[in-house]
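What follows is a short report on a single structure.
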Amino acid sequence: MKQLFDIFLTFFKLSPITFGGGYAMIPVIQQEIVEKKRWLEEEEVADLFALSGSIPGAIAINTATFIGYRIAGIPGAVFATIGVMVPTFFIVVVLSIFYGFFHDHPKVEAAFEGIRPAVVALIVFAAYKIRKSAVVDKTTFAVAAAALVLLLFFHIHPVLVIALGAAAGVLLIGVKDRLGIKTAVDDSSQQLDYFMGADI
Amino acid sequence: MLWLLFKTFFLIGLFSFGGGYAIIPVIEAEVVRQGWITTQQFTDIVAVAGMSPGPIATNTAVFTGYQINGWSGAVVSAAAMVLPSLFIVLVVAMFFYRLNHNRVMKSVFYGLRPVVIALILYAAIKFALSNGMAAGINAHTASLLVIFLVSLYALIKRHTHPAYVLVMAGIIGMAFYS
């Protein structure tokens, strides 16, 4: 029980620094989990980060769940997950309350008028950051373009487009394998398995 | 109401690879379809969620949940978002530890990642349209475009922290639009 509380507290303290993507957590996790607490080896933490990116959900939360499990099984996973979620949860609820009170205020409305185009920039930036790992060849470029057309002009539900993308990946790699074309999947020099879902 | 919130965010959580901006259009599609929130309000929610620490998708879910049903809405949305990944992480941790080296998984991500780029750009385009960034040729639209371009420049070239960009844009908005 003491260890579970310790796990909870460790991730509780880590949580507020997971600003703008879970990767900010990596150095701090290494310091806390590997060097200070000696719960896990460094290579193991790197592996867990890579895996966390390929599972649905936020990387920061998935990593916490993973590490919690490796330290203390299912109870450890649950305590780590709650620990990492609680601080940011309260921060968001408090901001949400403020927003409810002030969003009609002309000054706040004016601020949001300026913030909205910056949010669009932030989103474009997110796409910019993953362009190299996502669009690795002509095929992936075509997939991206096709997906955008489906979303914009055919109003296909995003979840369906995600499922289609996963199916297209398996299909395209299968076809390329038959044709004997080398793909990014074969290229072991590319760190495709590490940070598989990086910044997604 | 809470059950509907739970169901909606549970399904969203199931598909939220990375928990980043790619999942924003999925959340938007669902909450607007349910009539809970308008696209314009949703942009504000994403702005505030982006200014807070923590994963943007989870933050957006918590914020949306709170706006719809108060504290219980926030708790239910957060729990619903995280439960699918909690289960999947546990299953993977128990059985498929070497999942990342699996060829099929790599193929899935080969197709998934370009779709993610498309989803993110789609979110950007939708937000730009709903915010009047393409509303016509006038001074106001131009000023919004300038904020957009300067923000993008700061993020890409100057490596400015996203939260700082949002705060600066807010200050500029307060100075010029009120």
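To be explicit about the labels: the chains of the structure tokens are called A, B, and onward in the order shown, and within each one the residues are counted from 1, while ligands get numbers from 1 in the order they are shown.
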Report as a Markdown table the residues of chain B within 6 Å of chain A, each with its shortest atom pair and distance in Å (one decimal), using only C-alpha atoms, ordered by chain and increasing residue number.
| residue | atom | partner | partner_atom | distance |
| --- | --- | --- | --- | --- |
| B:Leu14 | CA | A:Pro56 | CA | 6.0 |
| B:Phe15 | CA | A:Pro56 | CA | 5.7 |
| B:Ser16 | CA | A:Pro56 | CA | 4.9 |
| B:Phe17 | CA | A:Pro56 | CA | 3.9 |
| B:Gly18 | CA | A:Ile200 | CA | 4.7 |
| B:Gly19 | CA | A:Ala58 | CA | 3.9 |
| B:Gly20 | CA | A:Ile200 | CA | 5.5 |
| B:Val26 | CA | A:Pro158 | CA | 5.5 |
| B:Ala47 | CA | A:Val119 | CA | 5.9 |
| B:Pro53 | CA | A:Phe19 | CA | 4.2 |
| B:Gly54 | CA | A:Thr18 | CA | 5.1 |
| B:Pro55 | CA | A:Ala58 | CA | 5.9 |
| B:Phe63 | CA | A:Ser96 | CA | 5.7 |
| B:Ser85 | CA | A:Gly57 | CA | 5.4 |
| B:Asn100 | CA | A:Asp193 | CA | 5.5 |
| B:Ser107 | CA | A:Val170 | CA | 4.9 |
| B:Val108 | CA | A:Ala166 | CA | 4.6 |
| B:Tyr110 | CA | A:Gly169 | CA | 5.2 |
| B:Gly111 | CA | A:Gly169 | CA | 3.6 |
| B:Leu112 | CA | A:Gly165 | CA | 4.8 |
| B:Arg113 | CA | A:Ala134 | CA | 4.8 |
| B:Pro114 | CA | A:Ala144 | CA | 4.5 |
| B:Val115 | CA | A:Ala144 | CA | 5.2 |
| B:Ile117 | CA | A:Ala127 | CA | 5.4 |
| B:Ala118 | CA | A:Leu148 | CA | 4.8 |
| B:Ile120 | CA | A:Ala127 | CA | 5.9 |
| B:Ala124 | CA | A:Val120 | CA | 5.2 |
| B:Leu144 | CA | A:Pro117 | CA | 5.9 |
| B:Phe148 | CA | A:Pro117 | CA | 4.8 |
| B:Ser151 | CA | A:Ala118 | CA | 5.7 |
| B:Leu152 | CA | A:Ala121 | CA | 5.0 |
| B:Leu166 | CA | A:Ile115 | CA | 5.7 |
| B:Ala169 | CA | A:Ile115 | CA | 5.0 |
| B:Gly170 | CA | A:Ala111 | CA | 4.1 |
| B:Gly173 | CA | A:Gly114 | CA | 3.9 |
| B:Met174 | CA | A:Ala111 | CA | 4.5 |
| B:Tyr177 | CA | A:Ala110 | CA | 5.0 |
| B:Ser178 | CA | A:Ala110 | CA | 5.4 |
So which one's closest to B:Lys7, B:Val31, B:Ala128, B:Ala142, B:Met94? Using only C-alpha atoms, please.
B:Val31
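Residues in contact range of B:Gln40, defined as at most 10 Å between only C-alpha atoms, with sequence neighbours fewer than 3 positions away removed, read Arg116 of chain A; Ile37, Thr43, Asp44, Ile45, Lys126, Phe127, Ala128, Leu129, Ser130, Asn131 and Gly132 of chain B.
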Would you list the contacts of stretch 34-36 of chain A as a PyMOL selection string, taking every protein, DNA or RNA residue within 12 Å and counting only C-alpha atoms, but skipping same-chain residues closer than 5 positions in sequence?
chain A and resi 10+26-29+41-46+67+71
Which of stretch 31-113 of chain A DSSP labels helix (DSSP H, G or I), written as a VMD selection string:
chain A and resid 31 to 36 42 to 53 59 to 102 106 to 113
Filtering to C-alpha atoms, could you give me those residues as an mmCIF file, in the first residue's frame?
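Just written: out_37.cif:
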data_model
loop_
_atom_site.group_PDB
_atom_site.id
_atom_site.type_symbol
_atom_site.label_atom_id
_atom_site.label_comp_id
_atom_site.auth_asym_id
_atom_site.auth_seq_id
_atom_site.Cartn_x
_atom_site.Cartn_y
_atom_site.Cartn_z
ATOM 1 C CA GLN A 31 15.233 11.047 -13.440
ATOM 2 C CA GLU A 32 12.438 10.069 -11.035
ATOM 3 C CA ILE A 33 11.708 6.443 -11.972
ATOM 4 C CA VAL A 34 15.142 5.249 -13.076
ATOM 5 C CA GLU A 35 17.691 7.290 -11.146
ATOM 6 C CA LYS A 36 15.941 8.300 -7.939
ATOM 7 C CA GLU A 42 16.505 3.016 -18.490
ATOM 8 C CA GLU A 43 16.078 0.807 -21.604
ATOM 9 C CA GLU A 44 12.780 -0.460 -20.266
ATOM 10 C CA VAL A 45 11.427 3.079 -19.886
ATOM 11 C CA ALA A 46 12.451 3.880 -23.481
ATOM 12 C CA ASP A 47 10.617 0.762 -24.698
ATOM 13 C CA LEU A 48 7.525 1.681 -22.718
ATOM 14 C CA PHE A 49 7.456 5.156 -24.228
ATOM 15 C CA ALA A 50 7.655 3.704 -27.725
ATOM 16 C CA LEU A 51 4.817 1.275 -26.994
ATOM 17 C CA SER A 52 2.666 3.945 -25.357
ATOM 18 C CA GLY A 53 2.667 5.941 -28.570
ATOM 19 C CA ILE A 59 1.225 9.120 -24.385
ATOM 20 C CA ALA A 60 1.749 10.636 -20.932
ATOM 21 C CA ILE A 61 -1.165 8.687 -19.463
ATOM 22 C CA ASN A 62 -0.328 5.434 -21.264
ATOM 23 C CA THR A 63 3.284 5.623 -20.107
ATOM 24 C CA ALA A 64 2.148 6.139 -16.533
ATOM 25 C CA THR A 65 -0.166 3.119 -16.792
ATOM 26 C CA PHE A 66 2.631 1.009 -18.274
ATOM 27 C CA ILE A 67 5.221 1.973 -15.688
ATOM 28 C CA GLY A 68 2.715 1.514 -12.884
ATOM 29 C CA TYR A 69 1.999 -1.984 -14.156
ATOM 30 C CA ARG A 70 5.689 -2.890 -14.428
ATOM 31 C CA ILE A 71 6.267 -1.769 -10.837
ATOM 32 C CA ALA A 72 3.242 -3.180 -9.057
ATOM 33 C CA GLY A 73 0.871 -4.992 -11.420
ATOM 34 C CA ILE A 74 -2.714 -3.884 -12.040
ATOM 35 C CA PRO A 75 -3.067 -1.883 -8.781
ATOM 36 C CA GLY A 76 0.134 -0.045 -9.697
ATOM 37 C CA ALA A 77 -1.259 0.723 -13.153
ATOM 38 C CA VAL A 78 -4.474 2.118 -11.705
ATOM 39 C CA PHE A 79 -2.712 4.282 -9.100
ATOM 40 C CA ALA A 80 -0.239 5.649 -11.646
ATOM 41 C CA THR A 81 -3.057 6.475 -14.095
ATOM 42 C CA ILE A 82 -5.109 8.289 -11.472
ATOM 43 C CA GLY A 83 -1.995 10.056 -10.200
ATOM 44 C CA VAL A 84 -1.064 11.413 -13.592
ATOM 45 C CA MET A 85 -4.635 12.501 -14.366
ATOM 46 C CA VAL A 86 -5.733 14.218 -11.170
ATOM 47 C CA PRO A 87 -3.628 17.428 -11.279
ATOM 48 C CA THR A 88 -4.350 18.287 -14.915
ATOM 49 C CA PHE A 89 -7.996 17.356 -14.403
ATOM 50 C CA PHE A 90 -8.388 19.953 -11.649
ATOM 51 C CA ILE A 91 -6.486 22.599 -13.586
ATOM 52 C CA VAL A 92 -8.778 22.119 -16.584
ATOM 53 C CA VAL A 93 -11.948 22.163 -14.450
ATOM 54 C CA VAL A 94 -10.836 25.396 -12.752
ATOM 55 C CA LEU A 95 -10.124 26.985 -16.152
ATOM 56 C CA SER A 96 -13.473 25.671 -17.332
ATOM 57 C CA ILE A 97 -15.204 27.397 -14.414
ATOM 58 C CA PHE A 98 -13.396 30.654 -15.179
ATOM 59 C CA TYR A 99 -14.351 30.346 -18.817
ATOM 60 C CA GLY A 100 -18.000 29.910 -17.830
ATOM 61 C CA PHE A 101 -17.891 33.100 -15.742
ATOM 62 C CA PHE A 102 -15.914 35.342 -18.045
ATOM 63 C CA PRO A 106 -16.028 41.897 -23.798
ATOM 64 C CA LYS A 107 -12.324 41.869 -22.861
ATOM 65 C CA VAL A 108 -12.251 38.077 -22.647
ATOM 66 C CA GLU A 109 -14.208 37.774 -25.869
ATOM 67 C CA ALA A 110 -11.641 40.041 -27.539
ATOM 68 C CA ALA A 111 -8.818 37.890 -26.164
ATOM 69 C CA PHE A 112 -10.409 34.762 -27.615
ATOM 70 C CA GLU A 113 -10.869 36.540 -30.932
#
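In this model, the gap between atom CA of B:Gln67 and atom CA of B:His140 comes to 29.1 Å.
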